[in-house]
$ cat query34.cif   # mmCIF, C-alpha atoms
data_coords
loop_
_atom_site.label_atom_id
_atom_site.label_comp_id
_atom_site.auth_asym_id
_atom_site.auth_seq_id
_atom_site.Cartn_x
_atom_site.Cartn_y
_atom_site.Cartn_z
CA MET M 329 -29.61 -13.62 9.41
CA SER M 330 -27.52 -10.48 9.83
CA PHE M 331 -23.88 -10.51 8.74
CA LYS M 332 -21.37 -11.04 11.55
CA VAL M 333 -17.85 -9.65 11.21
CA PRO M 334 -15.29 -12.36 12.05
CA GLU M 335 -12.95 -11.80 14.98
CA ASP M 336 -9.99 -11.88 12.60
CA ILE M 337 -11.11 -8.59 11.05
CA VAL M 338 -11.18 -5.45 13.22
CA LEU M 339 -13.42 -2.49 12.36
CA CYS M 340 -11.23 0.49 13.24
CA LEU M 341 -12.98 3.56 11.84
CA ASN M 342 -16.58 4.20 10.71
CA GLU M 343 -17.57 0.77 11.97
CA GLU M 344 -21.09 0.61 10.55
CA ARG M 345 -19.91 1.49 7.07
CA GLY M 346 -17.03 -0.95 7.47
CA LYS M 347 -19.46 -3.73 8.28
CA GLU M 348 -21.61 -2.84 5.27
CA PHE M 349 -18.57 -2.80 3.00
CA LEU M 350 -17.41 -6.17 4.27
CA GLU M 351 -20.86 -7.70 3.85
CA ASN M 352 -20.98 -6.33 0.31
CA ILE M 353 -17.75 -8.09 -0.73
CA TRP M 354 -18.21 -11.28 1.30
CA ASN M 355 -17.92 -14.44 -0.80
CA LYS M 356 -17.66 -12.41 -4.02
CA ARG M 357 -15.22 -12.52 -6.96
CA ALA M 358 -12.19 -10.25 -6.66
CA ALA M 359 -8.96 -9.39 -8.42
CA TYR M 360 -5.80 -8.07 -6.80
CA SER M 361 -3.95 -5.18 -8.44
CA CYS M 362 -0.67 -3.74 -7.24
CA ILE M 363 0.83 -0.45 -8.40
CA ILE M 364 4.60 -0.50 -8.06
CA GLY M 365 7.18 2.24 -8.43
CA ASN M 366 10.53 3.61 -7.36
CA THR M 367 11.53 6.94 -5.88
CA GLU M 368 15.06 8.18 -5.24
CA THR M 369 13.68 9.37 -1.90
CA ALA M 370 14.10 5.77 -0.68
CA LYS M 371 17.90 6.15 -0.97
CA ILE M 372 18.12 8.93 1.60
CA PRO M 373 19.90 7.30 4.57
CA GLY M 374 17.49 6.40 7.37
CA ILE M 375 14.31 6.78 5.29
CA SER M 376 13.39 3.22 4.27
CA ALA M 377 13.89 -0.35 5.50
CA ALA M 378 12.43 -1.82 2.28
CA GLY M 379 15.69 -3.34 1.11
CA ALA M 380 18.97 -4.71 2.43
CA ASN M 381 20.55 -1.32 1.56
CA PRO M 382 19.35 1.87 -0.17
CA GLU M 383 20.46 0.74 -3.64
CA ALA M 384 18.58 -2.56 -3.25
CA THR M 385 15.29 -0.67 -3.03
CA ASP M 386 15.34 -0.36 -6.84
CA PHE M 387 14.67 -4.11 -7.01
CA THR M 388 12.12 -4.44 -4.19
CA PRO M 389 8.86 -3.67 -6.07
CA ALA M 390 9.74 -5.92 -9.04
CA ALA M 391 10.84 -8.74 -6.74
CA ASP M 392 7.62 -8.42 -4.73
CA MET M 393 5.54 -8.97 -7.88
CA GLU M 394 7.61 -11.96 -8.97
CA LEU M 395 7.01 -13.46 -5.55
CA LEU M 396 3.24 -13.18 -6.05
CA TYR M 397 3.28 -14.68 -9.55
CA PHE M 398 5.90 -17.40 -9.21
CA GLY M 399 6.34 -18.01 -5.48
CA ARG M 400 9.96 -16.85 -5.81
CA CYS M 401 11.87 -13.83 -7.06
CA LYS M 402 13.67 -13.73 -10.39
CA CYS M 403 15.37 -10.34 -10.45
CA ILE M 404 17.15 -10.98 -7.12
CA ASP M 405 18.30 -13.97 -5.11
CA GLY M 406 16.01 -14.80 -2.20
CA VAL M 407 13.35 -12.21 -1.29
CA PRO M 408 13.43 -8.47 -0.48
CA ILE M 409 14.60 -7.97 3.09
CA THR M 410 15.15 -5.14 5.56
CA PRO M 411 18.74 -4.21 6.53
CA ASP M 412 18.21 -6.57 9.52
CA GLY M 413 17.23 -9.47 7.25
CA ILE M 414 13.45 -9.40 7.87
CA PRO M 415 11.47 -10.51 4.81
CA THR M 416 9.08 -8.45 2.71
CA PRO M 417 5.40 -8.33 3.71
CA GLY M 418 4.92 -9.67 0.18
CA ILE M 419 5.21 -13.10 1.82
CA ILE M 420 1.92 -12.36 3.62
CA THR M 421 0.23 -11.28 0.38
CA MET M 422 1.59 -14.27 -1.53
CA SER M 423 0.32 -16.62 1.19
CA ALA M 424 -3.14 -15.03 1.13
CA LEU M 425 -3.25 -15.42 -2.65
CA LYS M 426 -2.28 -19.08 -2.36
CA LEU M 427 -5.17 -19.71 0.04
CA ALA M 428 -7.64 -17.61 -1.96
CA PRO M 429 -6.43 -17.51 -5.59
CA MET M 430 -7.55 -14.56 -7.68
CA PRO M 431 -6.23 -12.73 -10.75
CA ILE M 432 -3.18 -10.52 -10.20
CA VAL M 433 -2.78 -7.31 -12.21
CA VAL M 434 0.47 -5.34 -11.90
CA ILE M 435 0.65 -1.66 -12.84
CA ASP M 436 4.06 -0.17 -13.69
CA GLY M 437 3.78 3.08 -11.77
CA GLY M 438 7.34 4.21 -12.60
CA LEU M 439 10.07 1.60 -12.18
CA ARG M 440 13.85 1.44 -12.39
CA VAL M 441 13.74 -2.37 -12.47
CA ARG M 442 10.79 -4.06 -14.19
CA PRO M 443 9.47 -7.42 -12.99
CA HIS M 444 9.57 -10.68 -14.93
CA THR M 445 5.76 -10.64 -14.91
CA PRO M 446 3.00 -9.22 -17.07
CA TYR M 447 2.17 -5.61 -16.22
CA ILE M 448 0.11 -2.67 -17.46
CA ASP M 449 2.15 0.29 -18.71
CA VAL M 450 0.64 3.73 -17.98
CA ASP M 451 3.72 5.55 -19.31
CA ALA M 452 5.10 6.44 -15.89
CA SER M 453 8.67 7.36 -14.99
CA PRO M 454 10.59 6.60 -11.77
CA GLY M 455 10.43 9.28 -9.10
CA GLU M 456 13.21 11.64 -8.09
CA ASP M 457 14.33 12.68 -4.61
CA ILE M 458 11.51 14.85 -3.22
CA ARG M 459 14.08 17.32 -1.86
CA THR M 460 14.39 18.56 -5.46
CA GLY M 461 10.75 19.70 -5.47
CA LYS M 462 10.39 17.95 -8.82
CA SER M 463 9.65 14.39 -7.79
CA VAL M 464 7.25 13.05 -10.44
CA LYS M 465 6.65 13.61 -14.15
CA ASN M 466 3.29 13.65 -15.93
CA ALA M 467 1.13 12.74 -12.92
CA GLU M 468 -2.15 13.65 -14.61
CA ARG M 469 -1.36 11.57 -17.69
CA THR M 470 -0.70 8.45 -15.59
CA TYR M 471 -3.86 9.15 -13.58
CA ASP M 472 -5.96 9.33 -16.74
CA ARG M 473 -4.53 6.13 -18.22
CA ALA M 474 -4.97 4.20 -14.98
CA LEU M 475 -8.54 5.53 -14.73
CA VAL M 476 -9.33 3.72 -17.98
CA ALA M 477 -7.64 0.53 -16.72
CA GLY M 478 -9.69 0.66 -13.50
CA ARG M 479 -12.95 0.93 -15.43
CA GLN M 480 -12.01 -2.11 -17.50
CA LEU M 481 -10.95 -4.22 -14.51
CA ALA M 482 -14.24 -3.44 -12.78
CA LYS M 483 -16.10 -5.17 -15.62
CA MET M 484 -14.43 -8.48 -14.76
CA VAL M 485 -14.97 -8.77 -11.00
CA ASP M 486 -17.37 -7.98 -8.16
CA TYR M 487 -14.77 -5.89 -6.37
CA LEU M 488 -11.11 -4.92 -6.61
CA VAL M 489 -8.29 -5.10 -4.05
CA VAL M 490 -5.53 -2.55 -4.72
CA GLY M 491 -2.10 -2.55 -3.05
CA GLU M 492 1.25 -0.86 -3.66
CA SER M 493 4.97 -1.44 -3.32
CA VAL M 494 7.08 1.73 -3.22
CA PRO M 495 10.17 1.89 -0.98
CA GLY M 496 10.37 5.31 0.64
CA GLY M 497 6.64 5.74 0.17
CA THR M 498 5.77 6.78 3.71
CA THR M 499 8.03 9.82 3.30
CA THR M 500 6.43 10.79 -0.01
CA ALA M 501 3.02 10.20 1.62
CA LEU M 502 4.02 12.74 4.26
CA GLY M 503 5.13 15.09 1.48
CA LEU M 504 1.88 14.85 -0.45
CA LEU M 505 -0.44 15.09 2.56
CA THR M 506 1.51 18.05 3.94
CA ALA M 507 1.34 19.80 0.56
CA LEU M 508 -2.43 19.18 0.43
CA GLY M 509 -2.88 20.84 3.82
CA TYR M 510 -3.68 17.83 6.02
CA ASP M 511 -2.63 17.59 9.65
CA THR M 512 0.20 15.05 9.38
CA ASN M 513 1.95 15.66 12.70
CA GLU M 514 3.35 12.26 13.76
CA LYS M 515 0.55 10.52 11.85
CA ILE M 516 2.55 8.85 9.03
CA SER M 517 3.85 5.33 9.63
CA SER M 518 7.32 3.89 8.95
CA THR M 519 8.94 0.55 8.19
CA PHE M 520 11.13 1.17 11.25
CA PRO M 521 10.00 0.45 14.84
CA VAL M 522 11.18 3.96 15.82
CA ASN M 523 9.64 6.32 13.30
CA PRO M 524 12.17 8.93 12.01
CA HIS M 525 9.56 11.73 12.06
CA ASP M 526 12.09 14.58 12.25
CA LEU M 527 14.14 13.32 9.29
CA LYS M 528 11.03 12.86 7.16
CA ARG M 529 9.66 16.27 8.08
CA GLN M 530 12.95 17.96 7.16
CA VAL M 531 13.05 16.18 3.79
CA VAL M 532 9.47 17.28 3.08
CA ILE M 533 10.14 20.89 4.07
CA GLU M 534 13.12 21.00 1.70
CA GLY M 535 11.01 19.62 -1.13
CA ILE M 536 8.11 22.04 -0.65
CA GLU M 537 10.50 25.00 -0.47
CA ALA M 538 12.36 23.82 -3.60
CA CYS M 539 9.26 23.30 -5.75
CA GLY M 540 8.66 27.03 -6.15
CA ILE M 541 4.85 26.76 -5.90
CA GLU M 542 2.95 28.75 -3.31
CA PRO M 543 1.57 26.48 -0.53
CA GLU M 544 -1.98 27.78 -1.11
CA LEU M 545 -1.79 26.67 -4.77
CA LEU M 546 -0.36 23.25 -3.89
CA GLU M 547 -3.24 22.62 -1.48
CA ARG M 548 -5.73 23.01 -4.34
CA ASP M 549 -3.87 20.96 -6.98
CA ALA M 550 -3.30 17.27 -6.14
CA MET M 551 -1.42 16.56 -9.38
CA ALA M 552 0.97 19.46 -8.81
CA ALA M 553 1.50 18.29 -5.23
CA ILE M 554 2.37 14.77 -6.44
CA GLU M 555 4.78 16.17 -9.02
CA ALA M 556 6.47 18.30 -6.37
CA VAL M 557 6.78 16.00 -3.34
CA GLY M 558 4.96 12.73 -4.09
CA ASP M 559 5.96 9.48 -5.74
CA PRO M 560 5.01 7.96 -9.12
CA MET M 561 2.67 5.32 -7.65
CA MET M 562 0.20 7.87 -6.30
CA ALA M 563 -1.43 9.20 -9.47
CA PRO M 564 -1.95 5.84 -11.23
CA ALA M 565 -3.14 4.23 -7.98
CA ALA M 566 -5.69 7.00 -7.51
CA GLY M 567 -6.78 6.71 -11.14
CA LEU M 568 -7.12 2.94 -11.06
CA ILE M 569 -9.13 3.02 -7.82
CA ALA M 570 -11.36 5.89 -8.91
CA GLY M 571 -12.07 4.23 -12.25
CA ALA M 572 -13.00 0.91 -10.68
CA ALA M 573 -14.98 2.49 -7.84
CA GLU M 574 -17.35 4.11 -10.33
CA SER M 575 -19.04 0.70 -10.53
CA VAL M 576 -17.65 -1.76 -7.91
CA PRO M 577 -16.34 -1.60 -4.32
CA VAL M 578 -12.58 -1.16 -3.97
CA LEU M 579 -10.59 -2.32 -0.94
CA MET M 580 -7.53 -0.07 -0.75
CA ALA M 581 -4.92 -2.41 0.71
CA GLY M 582 -2.28 -0.54 2.64
CA GLY M 583 -1.42 1.85 5.44
CA THR M 584 -0.69 5.56 5.42
CA GLN M 585 0.58 5.40 1.82
CA MET M 586 -2.94 4.40 0.79
CA ALA M 587 -4.29 7.22 2.95
CA ALA M 588 -2.27 9.58 0.72
CA VAL M 589 -3.81 7.96 -2.37
CA LEU M 590 -7.24 8.43 -0.78
CA ALA M 591 -6.50 12.15 -0.45
CA VAL M 592 -5.75 12.29 -4.19
CA ILE M 593 -9.02 10.50 -5.00
CA LYS M 594 -10.93 12.94 -2.79
CA ALA M 595 -9.36 15.83 -4.69
CA MET M 596 -9.96 14.35 -8.15
CA ASP M 597 -13.37 12.65 -7.79
CA ASP M 598 -15.00 12.56 -4.39
CA THR M 599 -18.15 10.94 -5.85
CA VAL M 600 -16.53 7.48 -5.58
CA MET M 601 -15.57 7.75 -1.89
CA ASP M 602 -18.68 5.85 -0.77
CA ASN M 603 -17.41 2.77 -2.62
CA LEU M 604 -14.05 2.65 -0.82
CA ALA M 605 -12.59 1.10 2.32
CA LEU M 606 -9.01 0.85 3.55
CA GLY M 607 -7.75 -2.58 4.59
CA THR M 608 -4.52 -2.82 6.56
CA THR M 609 -2.86 -4.75 9.40
CA ARG M 610 -3.36 -4.29 13.13
CA TRP M 611 0.38 -3.40 13.27
CA ILE M 612 -0.58 -0.17 11.49
CA THR M 613 -3.78 0.60 13.39
CA GLU M 614 -2.13 -0.13 16.78
CA ASP M 615 1.09 1.74 15.98
CA LYS M 616 1.73 4.34 18.68
CA MET M 617 4.10 6.30 16.41
CA SER M 618 1.56 7.01 13.67
CA ASP M 619 -2.17 7.68 13.41
CA MET M 620 -3.89 6.29 10.32
CA LYS M 621 -7.33 6.81 11.80
CA GLY M 622 -6.51 10.46 12.47
CA LEU M 623 -5.42 10.88 8.85
CA VAL M 624 -8.35 9.16 7.18
CA SER M 625 -10.96 10.84 9.39
CA GLN M 626 -9.86 14.17 7.88
CA MET M 627 -10.91 12.93 4.43
CA GLY M 628 -14.45 11.71 5.07
CA ASP M 629 -16.33 8.65 6.27
CA VAL M 630 -14.20 5.97 4.61
CA PRO M 631 -13.97 2.89 6.88
CA ILE M 632 -10.72 1.24 7.98
CA LEU M 633 -10.56 -2.54 8.40
CA ALA M 634 -7.58 -4.34 9.93
CA ALA M 635 -6.49 -7.95 9.61
CA ASN M 636 -5.87 -9.19 13.15
CA LEU M 637 -2.60 -10.91 12.24
CA ASN M 638 -0.45 -11.99 15.19
CA PHE M 639 3.03 -13.41 14.69
CA SER M 640 3.94 -13.63 18.39
CA LEU M 641 3.37 -17.40 18.36
CA SER M 642 5.35 -18.02 15.18
CA ARG M 643 8.15 -20.58 15.16
CA TYR M 644 10.39 -18.10 13.34
CA ASP M 645 12.13 -15.08 14.85
CA GLY M 646 12.06 -13.38 11.44
CA LEU M 647 8.26 -13.34 11.64
CA LYS M 648 7.96 -12.72 15.39
CA ILE M 649 9.86 -9.47 14.92
CA TYR M 650 6.85 -8.01 13.07
CA GLU M 651 5.32 -7.69 16.55
CA THR M 652 8.01 -5.12 17.46
CA GLY M 653 6.73 -2.71 14.79
CA LEU M 654 9.25 -3.47 12.06
CA VAL M 655 7.79 -3.35 8.49
CA LYS M 656 4.07 -3.43 9.55
CA GLU M 657 2.52 -3.34 6.06
CA GLY M 658 3.25 -3.36 2.33
CA VAL M 659 2.32 -5.07 -0.96
CA GLY M 660 -1.29 -4.91 0.24
CA ALA M 661 -0.62 -7.44 3.02
CA GLY M 662 -3.44 -6.45 5.37
CA GLY M 663 -6.08 -5.82 2.72
CA MET M 664 -5.24 -9.01 0.86
CA SER M 665 -5.49 -10.98 4.11
CA ILE M 666 -8.98 -9.55 4.59
CA ALA M 667 -9.87 -10.32 0.98
CA ALA M 668 -8.73 -13.94 1.42
CA MET M 669 -11.10 -14.30 4.37
CA ALA M 670 -13.94 -12.70 2.40
CA ALA M 671 -13.33 -14.75 -0.75
CA THR M 672 -13.46 -18.05 1.15
CA ASP M 673 -16.52 -17.23 3.28
CA GLY M 674 -14.29 -17.07 6.35
CA ARG M 675 -12.55 -20.42 5.84
CA VAL M 676 -9.23 -18.56 5.68
CA THR M 677 -8.40 -17.26 9.14
CA CYS M 678 -5.44 -15.47 10.69
CA ARG M 679 -4.32 -18.85 12.06
CA SER M 680 -4.45 -20.60 8.68
CA LEU M 681 -2.72 -17.59 7.12
CA LEU M 682 0.11 -17.82 9.65
CA ASP M 683 0.50 -21.53 8.89
CA GLU M 684 0.82 -20.75 5.16
CA ILE M 685 3.15 -17.80 5.81
CA GLU M 686 5.42 -20.04 7.90
CA LYS M 687 5.55 -22.64 5.12
CA ASN M 688 6.58 -19.99 2.63
CA TYR M 689 9.02 -18.39 5.05
CA ALA M 690 10.70 -21.77 5.61
CA ARG M 691 10.96 -22.35 1.87
CA LEU M 692 12.17 -18.90 0.89
CA VAL M 693 14.05 -17.47 3.85
CA SER M 694 15.07 -19.75 6.70
CA ARG M 695 16.75 -22.40 4.54
CA ARG M 696 18.66 -20.15 2.20
#
$ encode --input "query34.cif" --output "structure tokens"
Amino acid sequence: MSFKVPEDIVLCLNEERGKEFLENIWNKRAAYSCIIGNTETAKIPGISAAGANPEATDFTPAADMELLYFGRCKCIDGVPITPDGIPTPGIITMSALKLAPMPIVVIDGGLRVRPHTPYIDVDASPGEDIRTGKSVKNAERTYDRALVAGRQLAKMVDYLVVGESVPGGTTTALGLLTALGYDTNEKISSTFPVNPHDLKRQVVIEGIEACGIEPELLERDAMAAIEAVGDPMMAPAAGLIAGAAESVPVLMAGGTQMAAVLAVIKAMDDTVMDNLALGTTRWITEDKMSDMKGLVSQMGDVPILAANLNFSLSRYDGLKIYETGLVKEGVGAGGMSIAAMAATDGRVTCRSLLDEIEKNYARLVSRR
């Protein structure tokens, strides 16, 4: 009997390859890895909603990981929230992991605040403001170390799910993809419902001008582009994924930030591209103010899958507001939702996920 894609998963780009990828991971053993980091870019006013205020973004990645491990945060009270009080998409990822438990592996991709969890150290440093043109240190070293970690993780599972948590990361994604010569015009997403494209573009222009490297040279050197206008998550994420994808499928869980990582992988080792798919939320793929499909199609035939999550019927306004385009994705929420469905042979659905998300929202947010 041929494999049928469930209605809760939408094939958004390269549908035939997406179906093949999904069939290949269906009912198989997985692990979830998340690369987390900080960039001073997140503190530019108007850039990121991944924290109650710009300074709080230092704590967001660590708190997200604590949420996944312990069901609550230890480095902050409550959970990471937007300035409007909307909770982290880590609640979606945590709920998916509760319904479909699998090992969690955290990679310190350059943190100002480290989580109270186990993590792999690839000797990364936090990122600077990309307007300096000197955003990241030692990108190639962190890529190489994460490459080794990815090869080792691949020996333990049938496939790997890889997410990220980096406040300000859509702006650094714009920086990297622009430096690498991709058409990024209004294609990069945002945590805000109204995408501040002009602000991001100006920040990126300042960074590229400040780095002192000719644009033609940046286009040919992904590591130099990351060091100039990227963030510290990008190189280790690309290394981890490339290392694992040498032998097992990898579901890259995220939105346009993962598209930027995909561009790095294409530049460093395009032989693994056939073993990759991007898994995100329908809030990203249906976003009128970005174009993930337009980005990824420039890189090759990598499929995009979207979890058909719908919070419009939620009992909680703090979840319903996701339907307005606030937050959209993060901490691998969409990809991990897809992986939960795959790991349970479809027993986890978008409806059962919403039920679990509401339980966790009630426990962590609405009664605080």
$ resolve_selection --input "query34.cif" --expression "the PyMOL selection byres ((chain M and resi 355-372) around 7)" --output "VMD selection string"
chain M and resid 353 to 354 373 to 376 382 to 383 385 to 386 389 430 to 440 454 to 458 485 to 496 559 to 561 565 670 to 673
$ write_last_selection --input "query34.cif" --atoms "C-alpha atoms" --output "CSV table (one decimal), in the frame of the given file"
chain,number,residue,atom,x,y,z
M,353,ILE,CA,-17.8,-8.1,-0.7
M,354,TRP,CA,-18.2,-11.3,1.3
M,373,PRO,CA,19.9,7.3,4.6
M,374,GLY,CA,17.5,6.4,7.4
M,375,ILE,CA,14.3,6.8,5.3
M,376,SER,CA,13.4,3.2,4.3
M,382,PRO,CA,19.4,1.9,-0.2
M,383,GLU,CA,20.5,0.7,-3.6
M,385,THR,CA,15.3,-0.7,-3.0
M,386,ASP,CA,15.3,-0.4,-6.8
M,389,PRO,CA,8.9,-3.7,-6.1
M,430,MET,CA,-7.6,-14.6,-7.7
M,431,PRO,CA,-6.2,-12.7,-10.8
M,432,ILE,CA,-3.2,-10.5,-10.2
M,433,VAL,CA,-2.8,-7.3,-12.2
M,434,VAL,CA,0.5,-5.3,-11.9
M,435,ILE,CA,0.6,-1.7,-12.8
M,436,ASP,CA,4.1,-0.2,-13.7
M,437,GLY,CA,3.8,3.1,-11.8
M,438,GLY,CA,7.3,4.2,-12.6
M,439,LEU,CA,10.1,1.6,-12.2
M,440,ARG,CA,13.8,1.4,-12.4
M,454,PRO,CA,10.6,6.6,-11.8
M,455,GLY,CA,10.4,9.3,-9.1
M,456,GLU,CA,13.2,11.6,-8.1
M,457,ASP,CA,14.3,12.7,-4.6
M,458,ILE,CA,11.5,14.8,-3.2
M,485,VAL,CA,-15.0,-8.8,-11.0
M,486,ASP,CA,-17.4,-8.0,-8.2
M,487,TYR,CA,-14.8,-5.9,-6.4
M,488,LEU,CA,-11.1,-4.9,-6.6
M,489,VAL,CA,-8.3,-5.1,-4.0
M,490,VAL,CA,-5.5,-2.6,-4.7
M,491,GLY,CA,-2.1,-2.6,-3.0
M,492,GLU,CA,1.2,-0.9,-3.7
M,493,SER,CA,5.0,-1.4,-3.3
M,494,VAL,CA,7.1,1.7,-3.2
M,495,PRO,CA,10.2,1.9,-1.0
M,496,GLY,CA,10.4,5.3,0.6
M,559,ASP,CA,6.0,9.5,-5.7
M,560,PRO,CA,5.0,8.0,-9.1
M,561,MET,CA,2.7,5.3,-7.6
M,565,ALA,CA,-3.1,4.2,-8.0
M,670,ALA,CA,-13.9,-12.7,2.4
M,671,ALA,CA,-13.3,-14.8,-0.8
M,672,THR,CA,-13.5,-18.0,1.2
M,673,ASP,CA,-16.5,-17.2,3.3
$ resolve_selection --input "query34.cif" --expression "the PyMOL selection byres ((chain M and resi 520-523) around 9)" --output "list in words"
Ile375, Ser376, Ala377, Glu514, Ile516, Ser517, Ser518, Thr519, Pro524, His525, Asp526, Met617, Ser618, Thr652, Gly653, Leu654, Val655 and Lys656 of chain M
$ residues_around --input "query34.cif" --residues "M:Ile533" --least-positions-apart "4" --cutoff "8 Å" --atoms "only C-alpha atoms" --output "VMD selection string"
chain M and resid 459 529 537
$ write_last_selection --input "query34.cif" --atoms "C-alpha atoms" --output "mmCIF file, in the coordinates of the input"
data_model
loop_
_atom_site.group_PDB
_atom_site.id
_atom_site.type_symbol
_atom_site.label_atom_id
_atom_site.label_comp_id
_atom_site.auth_asym_id
_atom_site.auth_seq_id
_atom_site.Cartn_x
_atom_site.Cartn_y
_atom_site.Cartn_z
ATOM 1 C CA ARG M 459 14.080 17.320 -1.860
ATOM 2 C CA ARG M 529 9.660 16.270 8.080
ATOM 3 C CA GLU M 537 10.500 25.000 -0.470
#
$ atom_distance --input "query34.cif" --atom1 "atom CA of M:Ile666" --atom2 "atom CA of M:Glu348"
14.3 Å
$ resolve_selection --input "query34.cif" --expression "the PyMOL selection byres ((chain M and resi 498-500) around 6)" --output "list in words"
Gly496, Gly497, Ala501, Leu502, Gly503, Lys528, Gly558, Asp559 and Gln585 of chain M
$ closest_residue --input "query34.cif" --among "M:Asp598, M:Glu542, M:Asp645, M:Asp336" --to "M:Ala690" --atoms "all atoms listed in the file"
M:Asp645
$ residues_around --input "query34.cif" --residues "stretch 470-476 of chain M" --least-positions-apart "6" --cutoff "10 Å" --atoms "only C-alpha atoms" --output "PDB file with C-alpha atoms, in the frame of the given file"
ATOM      1  CA  ILE M 363       0.830  -0.450  -8.400  1.00  0.00           C
ATOM      2  CA  ILE M 435       0.650  -1.660 -12.840  1.00  0.00           C
ATOM      3  CA  GLY M 437       3.780   3.080 -11.770  1.00  0.00           C
ATOM      4  CA  GLY M 438       7.340   4.210 -12.600  1.00  0.00           C
ATOM      5  CA  ILE M 448       0.110  -2.670 -17.460  1.00  0.00           C
ATOM      6  CA  ASP M 449       2.150   0.290 -18.710  1.00  0.00           C
ATOM      7  CA  VAL M 450       0.640   3.730 -17.980  1.00  0.00           C
ATOM      8  CA  ASP M 451       3.720   5.550 -19.310  1.00  0.00           C
ATOM      9  CA  ALA M 452       5.100   6.440 -15.890  1.00  0.00           C
ATOM     10  CA  SER M 453       8.670   7.360 -14.990  1.00  0.00           C
ATOM     11  CA  MET M 551      -1.420  16.560  -9.380  1.00  0.00           C
ATOM     12  CA  PRO M 560       5.010   7.960  -9.120  1.00  0.00           C
ATOM     13  CA  MET M 561       2.670   5.320  -7.650  1.00  0.00           C
ATOM     14  CA  MET M 562       0.200   7.870  -6.300  1.00  0.00           C
ATOM     15  CA  ALA M 563      -1.430   9.200  -9.470  1.00  0.00           C
ATOM     16  CA  PRO M 564      -1.950   5.840 -11.230  1.00  0.00           C
ATOM     17  CA  ALA M 565      -3.140   4.230  -7.980  1.00  0.00           C
ATOM     18  CA  ALA M 566      -5.690   7.000  -7.510  1.00  0.00           C
ATOM     19  CA  GLY M 567      -6.780   6.710 -11.140  1.00  0.00           C
ATOM     20  CA  LEU M 568      -7.120   2.940 -11.060  1.00  0.00           C
ATOM     21  CA  ILE M 569      -9.130   3.020  -7.820  1.00  0.00           C
ATOM     22  CA  ALA M 570     -11.360   5.890  -8.910  1.00  0.00           C
ATOM     23  CA  GLY M 571     -12.070   4.230 -12.250  1.00  0.00           C
ATOM     24  CA  ALA M 572     -13.000   0.910 -10.680  1.00  0.00           C
ATOM     25  CA  ALA M 573     -14.980   2.490  -7.840  1.00  0.00           C
ATOM     26  CA  GLU M 574     -17.350   4.110 -10.330  1.00  0.00           C
ATOM     27  CA  MET M 596      -9.960  14.350  -8.150  1.00  0.00           C
TER      28      MET M 596
END
$ atom_distance --input "query34.cif" --atom1 "atom CA of M:Ile414" --atom2 "atom CA of M:Val659"
14.9 Å
$ residues_around --input "query34.cif" --residues "M:Tyr689" --least-positions-apart "6" --cutoff "10 Å" --atoms "all atoms listed in the file" --output "list in words"
Val407, Pro415, Ile419, Ile420, Ser423, Tyr644, Gly646, Leu647, Asp683 and Arg695 of chain M
$ residues_around --input "query34.cif" --residues "M:Ala390" --least-positions-apart "3" --cutoff "6 Å" --atoms "only C-alpha atoms" --output "VMD selection string"
chain M and resid 387 393 442 to 443
